[in-house]
>>> print(open('structure10.cif').read())   # mmCIF, C-alpha atoms and all ligand atoms
data_input
loop_
_atom_site.label_atom_id
_atom_site.label_comp_id
_atom_site.auth_asym_id
_atom_site.auth_seq_id
_atom_site.Cartn_x
_atom_site.Cartn_y
_atom_site.Cartn_z
CA MET A 1 99.94 98.81 1.36
CA ALA A 2 99.86 96.38 4.28
CA GLN A 3 102.82 94.05 4.91
CA GLY A 4 103.04 91.06 2.55
CA LYS A 5 101.45 91.04 -0.87
CA PRO A 6 98.62 93.52 -1.39
CA LYS A 7 95.23 91.84 -1.46
CA LEU A 8 93.14 92.19 -4.63
CA ALA A 9 89.41 91.41 -4.61
CA VAL A 10 87.02 91.35 -7.55
CA TRP A 11 83.30 91.87 -6.89
CA LYS A 12 80.30 91.37 -9.14
CA PHE A 13 76.98 93.21 -9.15
CA ALA A 14 74.44 93.45 -12.03
CA SER A 15 76.61 92.78 -15.09
CA CYS A 16 77.53 90.22 -17.73
CA ASP A 17 81.00 89.30 -16.30
CA GLY A 18 82.71 90.61 -19.45
CA CYS A 19 84.93 93.03 -17.54
CA GLN A 20 86.07 90.33 -15.11
CA LEU A 21 86.86 88.20 -18.14
CA SER A 22 89.07 91.05 -19.42
CA LEU A 23 91.27 90.44 -16.37
CA LEU A 24 91.38 86.70 -17.09
CA ASP A 25 92.09 87.55 -20.72
CA CYS A 26 95.32 89.29 -19.70
CA GLU A 27 97.09 85.92 -20.16
CA ASP A 28 100.79 86.92 -20.22
CA GLU A 29 100.24 89.80 -17.81
CA LEU A 30 98.05 87.76 -15.46
CA LEU A 31 101.04 85.85 -14.10
CA ALA A 32 102.74 89.13 -13.27
CA VAL A 33 99.55 90.40 -11.61
CA ALA A 34 99.17 87.15 -9.68
CA GLY A 35 102.82 87.50 -8.60
CA ALA A 36 102.37 91.09 -7.43
CA VAL A 37 99.13 90.63 -5.46
CA GLU A 38 97.31 88.05 -3.41
CA ILE A 39 94.04 87.32 -5.20
CA ALA A 40 91.72 87.40 -2.22
CA SER A 41 88.38 87.08 -3.97
CA PHE A 42 87.72 86.49 -7.67
CA PRO A 43 84.77 84.11 -8.19
CA GLU A 44 85.31 83.95 -11.98
CA ALA A 45 88.79 82.54 -11.40
CA THR A 46 88.83 80.73 -8.06
CA ARG A 47 86.54 79.52 -5.29
CA ALA A 48 89.15 80.40 -2.66
CA THR A 49 88.54 83.54 -0.65
CA VAL A 50 90.68 85.44 1.82
CA LYS A 51 89.19 87.67 4.49
CA GLY A 52 89.46 91.45 4.16
CA PRO A 53 90.44 94.17 4.50
CA TYR A 54 91.53 94.45 0.86
CA ASP A 55 94.08 96.79 -0.68
CA ILE A 56 92.31 97.03 -4.05
CA SER A 57 88.71 96.11 -4.84
CA LEU A 58 87.64 95.95 -8.48
CA VAL A 59 83.86 96.31 -8.73
CA GLU A 60 81.93 95.19 -11.81
CA GLY A 61 78.21 95.82 -12.25
CA SER A 62 75.53 98.30 -11.29
CA ILE A 63 73.49 98.62 -8.11
CA THR A 64 69.99 97.26 -8.75
CA THR A 65 68.67 95.66 -5.53
CA PRO A 66 68.36 96.61 -1.85
CA HIS A 67 70.92 93.87 -1.10
CA ASP A 68 73.36 95.44 -3.59
CA GLU A 69 73.02 98.75 -1.75
CA GLN A 70 74.09 97.13 1.52
CA ARG A 71 76.85 95.02 -0.03
CA ILE A 72 78.59 97.91 -1.79
CA HIS A 73 78.86 99.79 1.51
CA SER A 74 80.39 96.77 3.19
CA ILE A 75 82.90 96.37 0.30
CA ARG A 76 83.79 100.07 0.54
CA ARG A 77 84.44 99.75 4.27
CA SER A 78 86.81 96.82 3.72
CA SER A 79 88.73 98.32 0.75
CA ARG A 80 91.61 100.77 0.68
CA PHE A 81 91.11 101.53 -3.02
CA LEU A 82 87.81 100.87 -4.78
CA VAL A 83 87.93 100.89 -8.59
CA THR A 84 84.81 100.49 -10.70
CA ILE A 85 85.29 98.66 -13.99
CA GLY A 86 83.04 98.84 -17.04
CA ALA A 87 79.89 100.57 -18.25
CA CYS A 88 77.59 98.87 -15.69
CA ALA A 89 79.62 99.94 -12.66
CA THR A 90 80.49 103.41 -14.00
CA ALA A 91 77.22 104.32 -15.77
CA GLY A 92 74.46 101.89 -14.74
CA GLY A 93 74.88 99.67 -17.83
CA ILE A 94 72.31 98.70 -20.46
CA GLN A 95 70.02 97.70 -17.57
CA ALA A 96 69.70 101.42 -16.75
CA LEU A 97 67.33 101.73 -19.72
CA ARG A 98 64.65 100.84 -17.19
CA ASN A 99 65.38 104.12 -15.37
CA PHE A 100 63.37 105.95 -18.02
CA LYS A 101 60.23 103.87 -17.31
CA ASP A 102 58.36 102.40 -14.37
CA VAL A 103 60.22 99.21 -13.42
CA ASN A 104 56.98 97.66 -12.11
CA GLU A 105 55.64 97.61 -15.67
CA PHE A 106 58.60 95.43 -16.72
CA THR A 107 58.48 93.04 -13.77
CA SER A 108 54.76 92.48 -14.23
CA LEU A 109 55.31 91.65 -17.91
CA VAL A 110 58.38 89.44 -17.46
CA TYR A 111 57.78 87.47 -14.26
CA ALA A 112 54.90 85.14 -13.37
CA HIS A 113 55.21 86.29 -9.74
CA PRO A 114 56.54 89.86 -9.79
CA ASP A 115 55.83 90.07 -6.05
CA TYR A 116 58.92 87.84 -5.50
CA ILE A 117 61.17 90.39 -7.24
CA GLN A 118 63.05 92.73 -4.97
CA THR A 119 64.48 95.45 -7.15
CA LEU A 120 65.27 99.12 -6.94
CA LYS A 121 63.45 101.55 -9.23
CA LYS A 122 66.75 102.38 -10.96
CA SER A 123 70.01 100.76 -11.97
CA THR A 124 72.72 103.15 -10.82
CA PRO A 125 76.51 103.46 -10.99
CA VAL A 126 78.53 102.56 -7.90
CA THR A 127 79.63 106.17 -7.43
CA ASP A 128 76.01 107.12 -6.65
CA HIS A 129 76.34 105.04 -3.46
CA VAL A 130 79.93 105.12 -2.19
CA PHE A 131 83.18 106.98 -2.80
CA VAL A 132 85.04 105.53 -5.79
CA ASP A 133 88.80 106.03 -6.13
CA PHE A 134 88.95 105.44 -9.89
CA GLU A 135 86.45 104.71 -12.67
CA LEU A 136 87.63 102.61 -15.61
CA ARG A 137 85.25 102.89 -18.53
CA GLY A 138 84.47 100.53 -21.40
CA CYS A 139 82.07 97.76 -22.39
CA PRO A 140 84.09 95.77 -21.83
CA ILE A 141 87.13 97.53 -20.38
CA ASN A 142 90.47 97.58 -22.15
CA LYS A 143 92.70 95.00 -20.44
CA TYR A 144 95.85 97.10 -20.88
CA GLN A 145 94.15 100.02 -19.16
CA LEU A 146 93.19 97.67 -16.32
CA ILE A 147 96.82 96.56 -15.93
CA GLU A 148 97.87 100.22 -15.96
CA VAL A 149 95.37 101.08 -13.18
CA LEU A 150 96.48 98.13 -11.03
CA SER A 151 100.14 98.93 -11.60
CA ALA A 152 99.61 102.61 -10.77
CA LEU A 153 97.77 101.85 -7.52
CA LEU A 154 100.38 99.29 -6.47
CA HIS A 155 103.15 101.84 -7.08
CA GLY A 156 101.36 104.76 -5.46
CA ARG A 157 100.89 106.86 -8.58
CA LYS A 158 97.94 108.20 -10.55
CA PRO A 159 96.67 105.88 -13.33
CA ASN A 160 97.60 107.16 -16.78
CA THR A 161 94.48 106.54 -18.87
CA PRO A 162 93.46 108.93 -21.66
CA PRO A 163 90.70 111.47 -20.99
CA HIS A 164 90.44 112.45 -24.66
CA ALA A 165 88.00 111.35 -27.36
CA VAL A 166 88.02 108.33 -29.69
CA CYS A 167 88.68 110.84 -32.53
CA MET A 168 92.25 111.22 -31.24
CA GLU A 169 92.78 107.47 -31.57
CA CYS A 170 91.42 107.65 -35.13
CA LYS A 171 94.08 110.20 -35.96
CA GLN A 172 96.79 108.19 -34.19
CA ARG A 173 96.07 105.07 -36.25
CA GLY A 174 95.42 106.97 -39.48
CA ALA A 175 91.78 105.86 -39.78
CA VAL A 176 89.57 107.80 -42.19
CA CYS A 177 86.86 109.78 -40.37
CA VAL A 178 83.58 108.03 -41.19
CA MET A 179 81.57 111.15 -40.41
CA VAL A 180 83.58 113.50 -42.62
CA ALA A 181 84.26 111.06 -45.46
CA HIS A 182 81.06 109.01 -45.51
CA ALA A 183 78.47 111.01 -43.50
CA ILE A 184 78.10 108.08 -41.08
CA PRO A 185 76.94 109.27 -37.62
CA CYS A 186 79.67 108.61 -35.05
CA LEU A 187 79.76 109.16 -31.28
CA GLY A 188 83.58 109.26 -31.32
CA PRO A 189 83.86 113.01 -30.60
CA VAL A 190 82.11 112.62 -27.21
CA THR A 191 83.34 109.12 -26.31
CA GLN A 192 86.37 108.40 -24.15
CA ALA A 193 89.33 106.78 -25.84
CA GLY A 194 90.50 103.31 -24.92
CA CYS A 195 89.48 100.99 -27.74
CA GLY A 196 92.00 102.19 -30.32
CA ALA A 197 89.16 103.51 -32.53
CA LEU A 198 88.04 99.97 -33.29
CA CYS A 199 84.75 100.74 -35.07
CA PRO A 200 85.90 103.64 -37.28
CA SER A 201 88.88 101.55 -38.38
CA TYR A 202 86.29 99.15 -39.86
CA ALA A 203 84.40 102.08 -41.44
CA ARG A 204 81.66 102.03 -38.79
CA GLY A 205 80.50 104.82 -36.50
CA CYS A 206 81.31 104.63 -32.80
CA TYR A 207 78.27 103.92 -30.61
CA GLY A 208 79.87 105.10 -27.39
CA CYS A 209 80.70 101.91 -25.52
CA PHE A 210 83.50 103.64 -23.57
CA GLY A 211 81.09 106.26 -22.26
CA PRO A 212 81.47 110.04 -22.17
CA LYS A 213 84.90 111.64 -22.43
CA GLU A 214 85.90 114.47 -20.13
CA THR A 215 83.68 117.54 -20.83
CA PRO A 216 81.91 116.15 -23.92
CA ASN A 217 79.97 118.61 -26.10
CA THR A 218 77.04 116.31 -26.81
CA ALA A 219 74.73 119.14 -27.93
CA SER A 220 77.15 120.17 -30.67
CA LEU A 221 77.53 116.60 -31.87
CA ALA A 222 73.76 116.09 -31.83
CA ALA A 223 73.35 119.23 -33.99
CA GLY A 224 75.91 117.80 -36.43
CA TRP A 225 74.04 114.49 -36.57
CA ALA A 226 70.77 116.34 -37.21
CA GLU A 227 72.44 117.99 -40.23
CA LEU A 228 73.23 114.48 -41.49
CA GLY A 229 69.48 113.76 -41.34
CA VAL A 230 69.36 111.82 -38.05
CA SER A 231 65.89 112.08 -36.48
CA ASN A 232 65.19 113.22 -32.94
CA ARG A 233 64.10 109.70 -32.02
CA ASP A 234 67.32 108.17 -33.34
CA LEU A 235 69.35 110.79 -31.52
CA MET A 236 67.60 109.84 -28.29
CA ARG A 237 68.31 106.17 -28.94
CA ALA A 238 71.97 106.81 -29.84
CA PHE A 239 72.64 108.19 -26.36
CA ARG A 240 70.68 105.34 -24.73
CA GLY A 241 73.22 102.57 -24.97
CA PHE A 242 75.49 100.85 -22.46
CA ASN A 243 76.34 104.17 -20.83
CA THR A 244 72.86 105.67 -20.85
CA TYR A 245 72.93 106.76 -17.21
CA ALA A 246 76.24 108.60 -17.47
CA GLU A 247 75.12 112.17 -16.88
CA PRO A 248 76.09 113.77 -20.26
CA PHE A 249 74.55 110.93 -22.29
CA ARG A 250 71.40 110.84 -20.12
CA ARG A 251 70.87 114.59 -20.48
CA GLU A 252 71.39 114.53 -24.25
CA SER A 253 69.03 111.58 -24.71
CA GLU A 254 66.35 113.36 -22.66
CA ALA A 255 66.77 116.49 -24.78
CA HIS A 256 65.52 114.43 -27.76
CA GLU A 257 62.67 112.62 -26.05
CA LYS A 258 59.94 114.71 -27.68
S1 LIG B 301 85.39 108.39 -37.35
FE1 LIG B 301 84.34 109.03 -35.47
S2 LIG B 301 85.89 108.76 -33.88
FE2 LIG B 301 86.99 108.79 -35.84
S3 LIG B 301 87.57 110.94 -36.19
FE3 LIG B 301 85.60 110.61 -37.19
S4 LIG B 301 84.09 111.25 -35.70
FE4 LIG B 301 86.00 110.90 -34.58
S1 LIG B 302 84.75 102.87 -31.52
FE1 LIG B 302 83.23 103.38 -29.96
S2 LIG B 302 81.72 101.69 -29.97
FE2 LIG B 302 83.55 101.00 -31.12
S3 LIG B 302 84.76 99.92 -29.56
FE3 LIG B 302 85.48 102.06 -29.61
S4 LIG B 302 84.31 103.16 -28.01
FE4 LIG B 302 83.26 101.19 -28.44
#
>>> encode(input="structure10.cif", output="structure tokens", more="lines below")
Ligand code: SF4
Ligand code: SF4
Amino acid sequence: MAQGKPKLAVWKFASCDGCQLSLLDCEDELLAVAGAVEIASFPEATRATVKGPYDISLVEGSITTPHDEQRIHSIRRSSRFLVTIGACATAGGIQALRNFKDVNEFTSLVYAHPDYIQTLKKSTPVTDHVFVDFELRGCPINKYQLIEVLSALLHGRKPNTPPHAVCMECKQRGAVCVMVAHAIPCLGPVTQAGCGALCPSYARGCYGCFGPKETPNTASLAAGWAELGVSNRDLMRAFRGFNTYAEPFRRESEAHEK
């Protein structure tokens, strides 16, 4: 890191701001973060900005416009580490549902003057455009994982976030498996851990908000769901959520299109 406090910048693209709010929601830890870094740009928290280059850039949101495409390259050039946070930045977000259709059909239905709309055909993750040093998944992200990533980068080590499935967190907290015990479809076996198995602990199936785990076997899970009576159409829809443009979820949803 450069001399003085490392500079932290937070950038927003197409997103709901929920992941940035996770950083504000750190409360107790935020003071420690603010003490360890110079917050150089964080529009959700302050109007003050400090010129780059930046030591760490946190990027929220997906790339959806020609201007976004230019801006993400400029942020990459001015950042030592670029970390994407949340389902929009890491997997295109819910707005990537448009990628399966012709975006012009939507703009002509929604806007009185669609000719004013400058948009790309697809909503894509940041990693499709520039090199990303670390992807933090979740919709929204887990604030403790965010603190861990920041702490790791500031101390020159690899972030320690779990690559395993939500199922492991179910076992760790002693939650009953909703699929085994109640035949409720659950995306937990293919979804990355990080939420503490929130939904299964309330007897609900996981719908995959943390995105695909490392090497997920989505075909096997889909076959299991089919045995529970889930239709092809519902299987397609299950993989078309917040993380629909993450490669494993996109492929599995397309496998059930017909
Ligand atoms: S409830 Fe879902 S996440 Fe938990 S063990 Fe069962 S399949 Fe896995
Ligand atoms: S159980 Fe699944 S849907 Fe529920 S919070 Fe966790 S990752 Fe998200």
>>> atom_distance(input="structure10.cif", atom1="CA of Lys171 in chain A", atom2="CA of Leu21 in chain A")
29.2 Å
>>> residues_near_ligand(input="structure10.cif", ligand="ligand LIG 301 (chain B)", cutoff="7 Å", atoms="all atoms listed in the file", output="ChimeraX atom specification")
/A:166-168,170-171,175-180,186-189,197,200,205-206
>>> write_last_selection(input="structure10.cif", atoms="C-alpha atoms", output="mmCIF file, in the coordinates of the input")
data_model
loop_
_atom_site.group_PDB
_atom_site.id
_atom_site.type_symbol
_atom_site.label_atom_id
_atom_site.label_comp_id
_atom_site.auth_asym_id
_atom_site.auth_seq_id
_atom_site.Cartn_x
_atom_site.Cartn_y
_atom_site.Cartn_z
ATOM 1 C CA VAL A 166 88.020 108.330 -29.690
ATOM 2 C CA CYS A 167 88.680 110.840 -32.530
ATOM 3 C CA MET A 168 92.250 111.220 -31.240
ATOM 4 C CA CYS A 170 91.420 107.650 -35.130
ATOM 5 C CA LYS A 171 94.080 110.200 -35.960
ATOM 6 C CA ALA A 175 91.780 105.860 -39.780
ATOM 7 C CA VAL A 176 89.570 107.800 -42.190
ATOM 8 C CA CYS A 177 86.860 109.780 -40.370
ATOM 9 C CA VAL A 178 83.580 108.030 -41.190
ATOM 10 C CA MET A 179 81.570 111.150 -40.410
ATOM 11 C CA VAL A 180 83.580 113.500 -42.620
ATOM 12 C CA CYS A 186 79.670 108.610 -35.050
ATOM 13 C CA LEU A 187 79.760 109.160 -31.280
ATOM 14 C CA GLY A 188 83.580 109.260 -31.320
ATOM 15 C CA PRO A 189 83.860 113.010 -30.600
ATOM 16 C CA ALA A 197 89.160 103.510 -32.530
ATOM 17 C CA PRO A 200 85.900 103.640 -37.280
ATOM 18 C CA GLY A 205 80.500 104.820 -36.500
ATOM 19 C CA CYS A 206 81.310 104.630 -32.800
#
>>> residues_near_ligand(input="structure10.cif", ligand="ligand LIG 302 (chain B)", cutoff="10 Å", atoms="only C-alpha atoms and all ligand atoms", output="count of residues only")
40
>>> atom_distance(input="structure10.cif", atom1="CA of Ala219 in chain A", atom2="CA of Gln95 in chain A")
24.3 Å
>>> atom_distance(input="structure10.cif", atom1="CA of Gly224 in chain A", atom2="CA of Lys258 in chain A")
18.5 Å
>>> closest_atom_pairs(input="structure10.cif", of="range 5-35 of chain A", to="range 112-131 of chain A", cutoff="12 Å", atoms="only C-alpha atoms", output="Markdown table")
| residue | atom | partner | partner_atom | distance |
| --- | --- | --- | --- | --- |
| A:Trp11 | CA | A:Val126 | CA | 11.7 |
| A:Lys12 | CA | A:Val126 | CA | 11.4 |
| A:Phe13 | CA | A:Val126 | CA | 9.6 |
| A:Ala14 | CA | A:Ser123 | CA | 8.5 |
| A:Ser15 | CA | A:Ser123 | CA | 10.8 |
>>> residues_near_point(input="structure10.cif", point="(90.5, 106.7, -14.8)", cutoff="9 Å", atoms="all atoms listed in the file", output="PyMOL selection string")
chain A and resi 83+133-137+145+149+158-163
>>> write_last_selection(input="structure10.cif", atoms="C-alpha atoms", output="PDB file, keeping the file's coordinate frame")
ATOM      1  CA  VAL A  83      87.930 100.890  -8.590  1.00  0.00           C
ATOM      2  CA  ASP A 133      88.800 106.030  -6.130  1.00  0.00           C
ATOM      3  CA  PHE A 134      88.950 105.440  -9.890  1.00  0.00           C
ATOM      4  CA  GLU A 135      86.450 104.710 -12.670  1.00  0.00           C
ATOM      5  CA  LEU A 136      87.630 102.610 -15.610  1.00  0.00           C
ATOM      6  CA  ARG A 137      85.250 102.890 -18.530  1.00  0.00           C
ATOM      7  CA  GLN A 145      94.150 100.020 -19.160  1.00  0.00           C
ATOM      8  CA  VAL A 149      95.370 101.080 -13.180  1.00  0.00           C
ATOM      9  CA  LYS A 158      97.940 108.200 -10.550  1.00  0.00           C
ATOM     10  CA  PRO A 159      96.670 105.880 -13.330  1.00  0.00           C
ATOM     11  CA  ASN A 160      97.600 107.160 -16.780  1.00  0.00           C
ATOM     12  CA  THR A 161      94.480 106.540 -18.870  1.00  0.00           C
ATOM     13  CA  PRO A 162      93.460 108.930 -21.660  1.00  0.00           C
ATOM     14  CA  PRO A 163      90.700 111.470 -20.990  1.00  0.00           C
TER      15      PRO A 163
END
>>> residues_around(input="structure10.cif", residues="range 31-34 of chain A", least_positions_apart="5", cutoff="10 Å", atoms="all atoms listed in the file", output="ChimeraX atom specification")
/A:5,8,23,26,39,147,150-151
>>> write_last_selection(input="structure10.cif", atoms="C-alpha atoms", output="PDB file, in the coordinates of the input")
ATOM      1  CA  LYS A   5     101.450  91.040  -0.870  1.00  0.00           C
ATOM      2  CA  LEU A   8      93.140  92.190  -4.630  1.00  0.00           C
ATOM      3  CA  LEU A  23      91.270  90.440 -16.370  1.00  0.00           C
ATOM      4  CA  CYS A  26      95.320  89.290 -19.700  1.00  0.00           C
ATOM      5  CA  ILE A  39      94.040  87.320  -5.200  1.00  0.00           C
ATOM      6  CA  ILE A 147      96.820  96.560 -15.930  1.00  0.00           C
ATOM      7  CA  LEU A 150      96.480  98.130 -11.030  1.00  0.00           C
ATOM      8  CA  SER A 151     100.140  98.930 -11.600  1.00  0.00           C
TER       9      SER A 151
END
>>> closest_residue(input="structure10.cif", among="A:Leu24, A:Ala9, A:Leu235, A:Gly18", to="Arg76 in chain A", atoms="only C-alpha atoms")
A:Ala9
>>> residues_around(input="structure10.cif", residues="Lys51 in chain A", least_positions_apart="2", cutoff="9 Å", atoms="all atoms listed in the file", output="PyMOL selection string")
chain A and resi 40-41+49+53-54
>>> closest_residue(input="structure10.cif", among="A:Glu247, A:Glu148, A:Glu227, A:Glu69", to="Ala183 in chain A", atoms="all atoms listed in the file")
A:Glu227
>>> closest_residue(input="structure10.cif", among="A:Pro43, A:Pro6, A:Gly61, A:Pro185", to="Gly92 in chain A", atoms="only C-alpha atoms")
A:Gly61
>>> residues_around(input="structure10.cif", residues="Ser253 in chain A", least_positions_apart="4", cutoff="8 Å", atoms="all atoms listed in the file", output="PDB file with C-alpha atoms, in the coordinates of the input")
ATOM      1  CA  LEU A 235      69.350 110.790 -31.520  1.00  0.00           C
ATOM      2  CA  MET A 236      67.600 109.840 -28.290  1.00  0.00           C
ATOM      3  CA  ARG A 237      68.310 106.170 -28.940  1.00  0.00           C
ATOM      4  CA  ALA A 238      71.970 106.810 -29.840  1.00  0.00           C
ATOM      5  CA  PHE A 239      72.640 108.190 -26.360  1.00  0.00           C
ATOM      6  CA  ARG A 240      70.680 105.340 -24.730  1.00  0.00           C
ATOM      7  CA  PHE A 249      74.550 110.930 -22.290  1.00  0.00           C
ATOM      8  CA  GLU A 257      62.670 112.620 -26.050  1.00  0.00           C
TER       9      GLU A 257
END
>>> closest_residue(input="structure10.cif", among="A:Ala96, A:Val37, A:Val132, A:Pro66", to="Leu82 in chain A", atoms="all atoms listed in the file")
A:Val132
>>> closest_residue(input="structure10.cif", among="A:Leu58, A:Glu252, A:Val50, A:Leu97", to="Ser220 in chain A", atoms="all atoms listed in the file")
A:Glu252
>>> closest_residue(input="structure10.cif", among="A:Arg250, A:His256, A:Arg47, A:His67", to="Gly93 in chain A", atoms="all atoms listed in the file")
A:Arg250
